[in-house]
Structures are given as structure tokens and as C-alpha cells.
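Text of structure10.cif (mmCIF, C-alpha atoms) as supplied:
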```
data_upload
loop_
_atom_site.label_atom_id
_atom_site.label_comp_id
_atom_site.auth_asym_id
_atom_site.auth_seq_id
_atom_site.Cartn_x
_atom_site.Cartn_y
_atom_site.Cartn_z
CA MET A 1 13.48 -121.29 -106.34
CA LYS A 2 14.77 -118.15 -108.01
CA ASP A 3 16.78 -117.26 -104.92
CA LYS A 4 18.40 -120.73 -104.89
CA ILE A 5 19.35 -120.44 -108.55
CA MET A 6 20.85 -117.01 -107.97
CA LYS A 7 22.75 -118.31 -104.94
CA LYS A 8 24.18 -121.24 -106.93
CA GLN A 9 25.18 -118.89 -109.75
CA ALA A 10 26.92 -116.60 -107.25
CA GLU A 11 28.74 -119.56 -105.70
CA LEU A 12 29.79 -120.80 -109.14
CA ALA A 13 31.03 -117.35 -110.10
CA LEU A 14 33.01 -117.15 -106.86
CA LEU A 15 34.59 -120.56 -107.46
CA LEU A 16 35.46 -119.65 -111.05
CA GLY A 17 36.95 -116.37 -109.85
CA MET A 18 39.07 -118.16 -107.27
CA ALA A 19 40.20 -120.74 -109.84
CA ALA A 20 41.09 -117.97 -112.29
CA SER A 21 43.07 -116.15 -109.59
CA VAL A 22 45.03 -119.29 -108.75
CA PHE A 23 45.70 -119.98 -112.45
CA CYS A 24 46.78 -116.40 -113.12
CA ALA A 25 49.09 -116.37 -110.11
CA GLY A 26 50.76 -119.61 -111.23
CA PHE A 27 50.89 -118.55 -114.85
CA CYS A 28 52.36 -115.14 -114.02
CA GLY A 29 55.10 -116.83 -111.99
CA PHE A 30 55.81 -119.16 -114.90
CA ALA A 31 55.84 -116.24 -117.35
CA GLU A 32 58.35 -114.41 -115.15
CA ASP A 33 60.67 -117.46 -115.06
CA TYR A 34 60.33 -117.79 -118.84
CA SER A 35 61.20 -114.12 -119.31
CA ASP A 36 64.20 -114.48 -117.00
CA ILE A 37 65.52 -117.34 -119.14
CA THR A 38 65.22 -115.45 -122.43
CA ASP A 39 66.80 -112.37 -120.83
CA THR A 40 69.66 -114.40 -119.30
CA VAL A 41 70.80 -116.18 -122.47
CA PHE A 42 73.03 -114.81 -125.25
CA ARG A 43 73.07 -116.95 -128.38
CA LEU A 44 75.21 -117.44 -131.48
CA HIS A 45 73.36 -117.82 -134.78
CA ILE A 46 75.12 -118.59 -138.07
CA LEU A 47 73.19 -118.68 -141.34
CA ALA A 48 74.68 -120.39 -144.40
CA ASN A 49 74.61 -118.98 -147.92
CA SER A 50 72.48 -121.90 -149.13
CA ASP A 51 71.61 -125.51 -148.38
CA SER A 52 74.22 -126.92 -150.76
CA GLU A 53 76.64 -129.36 -149.18
CA ALA A 54 79.58 -127.00 -149.78
CA ASP A 55 77.81 -124.02 -148.19
CA GLN A 56 76.69 -126.05 -145.19
CA GLN A 57 80.23 -127.31 -144.63
CA LEU A 58 81.53 -123.76 -144.97
CA LYS A 59 79.08 -122.63 -142.30
CA LEU A 60 80.43 -125.26 -139.91
CA LYS A 61 84.01 -124.22 -140.62
CA VAL A 62 83.11 -120.64 -139.76
CA ARG A 63 81.49 -121.92 -136.58
CA ASP A 64 84.58 -123.89 -135.57
CA ALA A 65 86.90 -120.96 -136.22
CA VAL A 66 84.75 -118.49 -134.28
CA LEU A 67 84.38 -120.80 -131.27
CA GLU A 68 88.05 -121.75 -131.25
CA ASN A 69 89.44 -118.24 -131.60
CA CYS A 70 86.86 -116.16 -129.73
CA SER A 71 86.27 -118.08 -126.51
CA TYR A 72 88.55 -115.68 -124.59
CA ILE A 73 86.18 -112.80 -125.43
CA PHE A 74 83.51 -114.20 -123.12
CA GLU A 75 85.73 -115.43 -120.27
CA ASP A 76 84.93 -112.60 -117.86
CA THR A 77 81.31 -111.99 -118.81
CA GLY A 78 78.65 -112.50 -116.16
CA SER A 79 75.43 -111.82 -118.04
CA ALA A 80 73.88 -111.87 -121.49
CA GLY A 81 74.31 -108.10 -121.69
CA GLU A 82 78.00 -108.30 -120.85
CA ALA A 83 78.48 -111.08 -123.41
CA ALA A 84 76.76 -108.99 -126.08
CA ALA A 85 78.90 -105.97 -125.19
CA ALA A 86 82.07 -108.09 -125.39
CA ALA A 87 81.05 -109.44 -128.79
CA GLU A 88 80.28 -105.91 -130.01
CA LYS A 89 83.70 -104.72 -128.85
CA HIS A 90 85.43 -107.50 -130.83
CA MET A 91 83.05 -107.48 -133.81
CA GLU A 92 85.75 -106.62 -136.36
CA GLU A 93 87.87 -109.52 -135.14
CA ILE A 94 84.94 -111.94 -135.32
CA GLN A 95 84.09 -110.80 -138.83
CA SER A 96 87.72 -111.04 -139.92
CA ILE A 97 87.90 -114.65 -138.69
CA ALA A 98 84.75 -115.57 -140.62
CA GLU A 99 85.97 -113.82 -143.78
CA GLN A 100 89.35 -115.55 -143.58
CA VAL A 101 87.71 -118.99 -143.37
CA ILE A 102 85.52 -118.23 -146.37
CA SER A 103 88.46 -116.94 -148.39
CA GLU A 104 90.65 -119.93 -147.48
CA ASN A 105 87.92 -122.23 -148.78
CA GLY A 106 87.79 -120.55 -152.18
CA ALA A 107 84.55 -118.60 -151.70
CA ASP A 108 83.93 -114.87 -151.93
CA TYR A 109 80.68 -114.54 -149.98
CA PRO A 110 80.19 -111.35 -148.01
CA VAL A 111 79.82 -111.78 -144.25
CA ARG A 112 77.71 -109.71 -141.88
CA CYS A 113 78.15 -109.90 -138.10
CA ARG A 114 75.86 -108.03 -135.75
CA ILE A 115 74.19 -108.12 -132.34
CA THR A 116 70.43 -108.42 -132.62
CA GLU A 117 67.34 -109.55 -130.76
CA MET A 118 65.70 -112.30 -132.76
CA GLU A 119 63.03 -114.97 -132.56
CA PHE A 120 64.17 -118.56 -131.95
CA ASP A 121 62.07 -121.70 -132.14
CA LYS A 122 62.23 -124.23 -129.32
CA ARG A 123 65.53 -126.09 -129.61
CA VAL A 124 67.12 -129.01 -127.77
CA TYR A 125 70.71 -128.42 -126.65
CA ASP A 126 72.37 -131.49 -125.18
CA SER A 127 70.34 -132.26 -122.03
CA ILE A 128 68.43 -128.97 -121.89
CA THR A 129 65.70 -127.43 -124.04
CA MET A 130 65.70 -123.73 -124.82
CA PRO A 131 62.10 -122.45 -125.07
CA ALA A 132 60.97 -120.48 -128.09
CA GLY A 133 61.19 -116.73 -127.72
CA ASN A 134 63.15 -113.56 -128.42
CA TYR A 135 66.82 -113.81 -127.50
CA LEU A 136 69.79 -111.49 -127.78
CA ALA A 137 72.22 -113.03 -130.27
CA LEU A 138 75.42 -112.63 -132.22
CA ARG A 139 74.18 -113.26 -135.77
CA ILE A 140 76.60 -114.16 -138.56
CA THR A 141 75.12 -114.31 -142.04
CA ILE A 142 77.07 -115.71 -144.98
CA GLY A 143 76.36 -114.62 -148.55
CA ASN A 144 72.63 -114.76 -149.38
CA ALA A 145 71.86 -116.24 -145.95
CA GLU A 146 69.30 -118.62 -147.46
CA GLY A 147 70.59 -121.89 -146.01
CA LYS A 148 69.97 -123.79 -142.79
CA ASN A 149 71.22 -122.15 -139.63
CA TRP A 150 73.39 -123.33 -136.76
CA TRP A 151 73.04 -121.99 -133.24
CA CYS A 152 74.37 -122.42 -129.73
CA VAL A 153 74.45 -120.62 -126.39
CA MET A 154 77.35 -118.23 -125.84
CA PHE A 155 76.21 -117.17 -122.37
CA PRO A 156 76.07 -119.19 -120.28
CA PRO A 157 78.99 -120.45 -122.41
CA LEU A 158 77.54 -123.87 -123.28
CA CYS A 159 79.01 -124.09 -126.79
CA LEU A 160 82.59 -123.17 -125.99
CA PRO A 161 85.21 -125.92 -126.52
CA ALA A 162 85.90 -126.35 -122.79
CA VAL A 163 82.31 -127.40 -122.03
CA THR A 164 81.85 -131.19 -122.10
CA ASN A 165 78.90 -131.78 -119.76
CA THR A 166 75.98 -129.35 -119.86
CA ASP A 167 74.39 -130.49 -116.58
CA GLU A 168 77.59 -130.24 -114.57
CA PHE A 169 78.41 -126.89 -116.12
CA LEU A 170 74.99 -125.42 -115.32
CA GLU A 171 75.31 -126.50 -111.70
CA GLU A 172 78.62 -124.62 -111.48
CA LEU A 173 76.98 -121.40 -112.69
CA ASP A 174 75.65 -120.45 -109.28
CA GLY A 175 73.03 -117.71 -109.58
CA VAL A 176 72.68 -117.72 -113.38
CA PHE A 177 69.50 -119.81 -113.36
CA THR A 178 67.16 -120.46 -110.43
CA GLU A 179 66.06 -124.01 -109.56
CA GLU A 180 62.69 -123.34 -111.20
CA GLU A 181 64.34 -122.11 -114.40
CA LEU A 182 66.69 -125.09 -114.52
CA ASP A 183 63.71 -127.41 -114.14
CA MET A 184 62.03 -125.68 -117.10
CA LEU A 185 65.18 -126.17 -119.19
CA ARG A 186 65.70 -129.80 -118.22
CA ASN A 187 62.07 -130.97 -118.09
CA PRO A 188 60.14 -128.95 -120.68
CA GLU A 189 57.54 -131.71 -121.04
CA ASN A 190 56.18 -130.68 -117.63
CA TYR A 191 55.45 -127.18 -118.93
CA GLU A 192 54.14 -127.85 -122.45
CA CYS A 193 50.64 -126.50 -121.79
CA ARG A 194 51.95 -123.30 -120.19
CA PHE A 195 54.53 -122.84 -122.94
CA TYR A 196 51.73 -123.16 -125.51
CA PHE A 197 49.55 -120.49 -123.90
CA LEU A 198 52.52 -118.19 -123.33
CA GLU A 199 53.69 -118.49 -126.94
CA LEU A 200 50.10 -117.88 -128.11
CA TYR A 201 49.90 -114.80 -125.91
CA GLU A 202 53.23 -113.50 -127.27
CA LYS A 203 52.07 -113.96 -130.87
CA ILE A 204 48.81 -112.10 -130.21
CA ARG A 205 50.64 -109.30 -128.39
CA ASN A 206 53.19 -108.95 -131.21
CA LYS A 207 50.39 -108.68 -133.80
CA ILE A 208 48.60 -106.04 -131.76
CA CYS A 209 51.79 -104.03 -131.20
CA ALA A 210 53.04 -104.37 -134.79
#
```
C-alpha cells encoding of this file:
Amino acid sequence: MKDKIMKKQAELALLLGMAASVFCAGFCGFAEDYSDITDTVFRLHILANSDSEADQQLKLKVRDAVLENCSYIFEDTGSAGEAAAAAEKHMEEIQSIAEQVISENGADYPVRCRITEMEFDKRVYDSITMPAGNYLALRITIGNAEGKNWWCVMFPPLCLPAVTNTDEFLEELDGVFTEEELDMLRNPENYECRFYFLELYEKIRNKICA
């Protein structure tokens, strides 16, 4: 009897080990795709002075001016790193545009523009969903930077004025995202459980490394 029990326990342990191996293999592949997405994307993040109606409208005017006048900066960029480097090269121009808009609207808020890696929550953008995570971004803060933010994706250039259809545009960007990554962006509901465990893992790792 004891031998049978030990045999069943060994078989159960083997099955659990095999299941864990299969899960880990699938999860590691998913984690790699997730990491590729966050490393591929360069975002724009604008933070308003406050949540007052005037400050929120001012934030949107800064957004419009930056997108309208700075689209040429990213025309020849082929990666998030190149987009960040292009933004860094033209940082004074970007800041000047933002400051001019604020001045023209009768405000005197200071503006800070910088390239940074920052945490973003999960956000829906047109027909795709950007997963939560750390992304490289051009961050523009206005005044006290205590108001609601506005964001978009600068690379791939999904928020530039010329882009009208996100799906069609993504399909034209051959090699930017793999089919698996595009599926994650377009159908996040199929990955909710894995996103949850990955985000939990990232939070635990960040606490340990802090």
C-alpha cells in the first residue's frame, strides 16, 4: 500500500512538474512579447497645471501645437530609441512651442520637457490597447503638473496628424510589431490573466529592487 501511495505521489509530482514547465514556457514567451512592446513604443505625455477647465484646455492647446509643428522630427525614425534621440535633439524647439502657446493664452506657467522612462497604466488608443508598464516618453509638464494628463504614441507615430486609421497604419509598419504582439494590442481580453500575473510580478520585483 505504501509503495502505491509513493508511486501515485511521484506520478502527481511529475505531472505537476510537466504542467509547470508548459506554463512557464508559455508565460516566458508572453513576457518576452510584452517586453518587446514596451521597448518598441515611444510615448508623449503632457501633464496640465491643474484640473481647472482653463488649465485642461491649455494642455490640449499645447498638445495640438506640439503635434502640428513637430511631426517632421519623427519622420525618419525607425525605433523608439531613434524617436527619443530625435526629440532630445529638438528639445529646445519643443519647449519653445509649448511656452509660446502658454504665453499666447495669458498664462505664465513654467514648462519642463524631458525624455524619461515612466510607468503608464493600461490605456485604450483607438482600436488598440497599450498594456501597463514602463515606457520611454517625451514628458511635458506645465506649471505645478497637478492636473489630468494626456498621452499618445509618438513611435510608431499613431498620434501624428496624418494618421487616420490605426489598424491600417499598423499593418503598414512592417517589422515594428510581430503578429503575436499585434494580437496582444488588438485583443487584450485574451491575455488578461497573463497580464495580471506579469504586472504582479513586476510590482514585486520593483519592491525588491527598490
Point to revise | Selection: 7 Å around region 42-57 of chain A, all atoms listed in the file, excl. self and same-chain fewer than 2 positions, as a ChimeraX atom specification | key: /A:40,59-61,80,83-84,135-155
Could the residues in this selection be saved with C-alpha atoms as a PDB file, in the frame of the given file?
```pdb
ATOM      1  CA  THR A  40      69.660-114.400-119.300  1.00  0.00           C
ATOM      2  CA  LYS A  59      79.080-122.630-142.300  1.00  0.00           C
ATOM      3  CA  LEU A  60      80.430-125.260-139.910  1.00  0.00           C
ATOM      4  CA  LYS A  61      84.010-124.220-140.620  1.00  0.00           C
ATOM      5  CA  ALA A  80      73.880-111.870-121.490  1.00  0.00           C
ATOM      6  CA  ALA A  83      78.480-111.080-123.410  1.00  0.00           C
ATOM      7  CA  ALA A  84      76.760-108.990-126.080  1.00  0.00           C
ATOM      8  CA  TYR A 135      66.820-113.810-127.500  1.00  0.00           C
ATOM      9  CA  LEU A 136      69.790-111.490-127.780  1.00  0.00           C
ATOM     10  CA  ALA A 137      72.220-113.030-130.270  1.00  0.00           C
ATOM     11  CA  LEU A 138      75.420-112.630-132.220  1.00  0.00           C
ATOM     12  CA  ARG A 139      74.180-113.260-135.770  1.00  0.00           C
ATOM     13  CA  ILE A 140      76.600-114.160-138.560  1.00  0.00           C
ATOM     14  CA  THR A 141      75.120-114.310-142.040  1.00  0.00           C
ATOM     15  CA  ILE A 142      77.070-115.710-144.980  1.00  0.00           C
ATOM     16  CA  GLY A 143      76.360-114.620-148.550  1.00  0.00           C
ATOM     17  CA  ASN A 144      72.630-114.760-149.380  1.00  0.00           C
ATOM     18  CA  ALA A 145      71.860-116.240-145.950  1.00  0.00           C
ATOM     19  CA  GLU A 146      69.300-118.620-147.460  1.00  0.00           C
ATOM     20  CA  GLY A 147      70.590-121.890-146.010  1.00  0.00           C
ATOM     21  CA  LYS A 148      69.970-123.790-142.790  1.00  0.00           C
ATOM     22  CA  ASN A 149      71.220-122.150-139.630  1.00  0.00           C
ATOM     23  CA  TRP A 150      73.390-123.330-136.760  1.00  0.00           C
ATOM     24  CA  TRP A 151      73.040-121.990-133.240  1.00  0.00           C
ATOM     25  CA  CYS A 152      74.370-122.420-129.730  1.00  0.00           C
ATOM     26  CA  VAL A 153      74.450-120.620-126.390  1.00  0.00           C
ATOM     27  CA  MET A 154      77.350-118.230-125.840  1.00  0.00           C
ATOM     28  CA  PHE A 155      76.210-117.170-122.370  1.00  0.00           C
TER      29      PHE A 155
END
```
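Note that CA of Asn187 (chain A) and CA of Thr129 (chain A) are 7.8 Å apart.
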Exercise for review: Would you translate the PyMOL selection byres ((chain A and resi 134) around 6) into the concrete set of residues it matches in this file, as a list in words?
Suggested key: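 So the PyMOL selection byres ((chain A and resi 134) around 6), applied here, picks out Met118, Glu119, Gly133 and Tyr135 of chain A.
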Review point. What is the CA of Asp76 (chain A) to CA of Arg112 (chain A) distance in Å?
Key: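 Between CA of Asp76 (chain A) and CA of Arg112 (chain A) the gap works out to 25.2 Å.
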Practice item. Mind giving me the straight-line distance from CA of Glu181 (chain A) to CA of Leu158 (chain A) in Å, one decimal? Key: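 That distance, rounded to one decimal, is 16.0 Å.
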Review point. Counting only C-alpha atoms, what is within 8 Å of Ala98 (chain A), bar same-chain residues fewer than 6 positions away, as a VMD selection string?
Key: chain A and resid 62 65 to 66 111
Revision key, fill the gap. Using only C-alpha atoms, the shortest atom-to-atom distance to Ile73 (chain A) among A:Glu99, A:Glu104, A:Glu179, A:Glu93 belongs to A:Glu93
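For the residues A:Ala132, A:Phe177, A:Ser96, A:Glu82, ranking by smallest atom-to-atom distance to Asn69 (chain A) using only C-alpha atoms places A:Ser96 first.
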Practice item. Have a look at A:Val124, A:Tyr109, A:Lys89, A:Val176 and name the one nearest to Pro157 (chain A); count all atoms listed in the file. Key: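 Among A:Val124, A:Tyr109, A:Lys89, A:Val176, it is A:Val176 that comes nearest to Pro157 (chain A).
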Point to revise | Nearest to Met184 (chain A), chosen from A:Ala85, A:Met91, A:Val101, A:Met130, with all atoms listed in the file counted in the distances | key: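 Ranked by minimum distance to Met184 (chain A), first place goes to A:Met130.
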Point to revise | Neighbour list for Cys70 (chain A) as a PyMOL selection string, cut-off 10 Å, all atoms listed in the file, skip fewer than 5 positions in-chain | key: chain A and resi 64-65+75+87+90+93-94+97+160
Review point. Counting all atoms listed in the file, which of A:Ala107, A:Thr116, A:Ser79, A:Thr38 gets nearest to Pro156 (chain A)?
Key: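 The closest residue to Pro156 (chain A) is A:Ser79.
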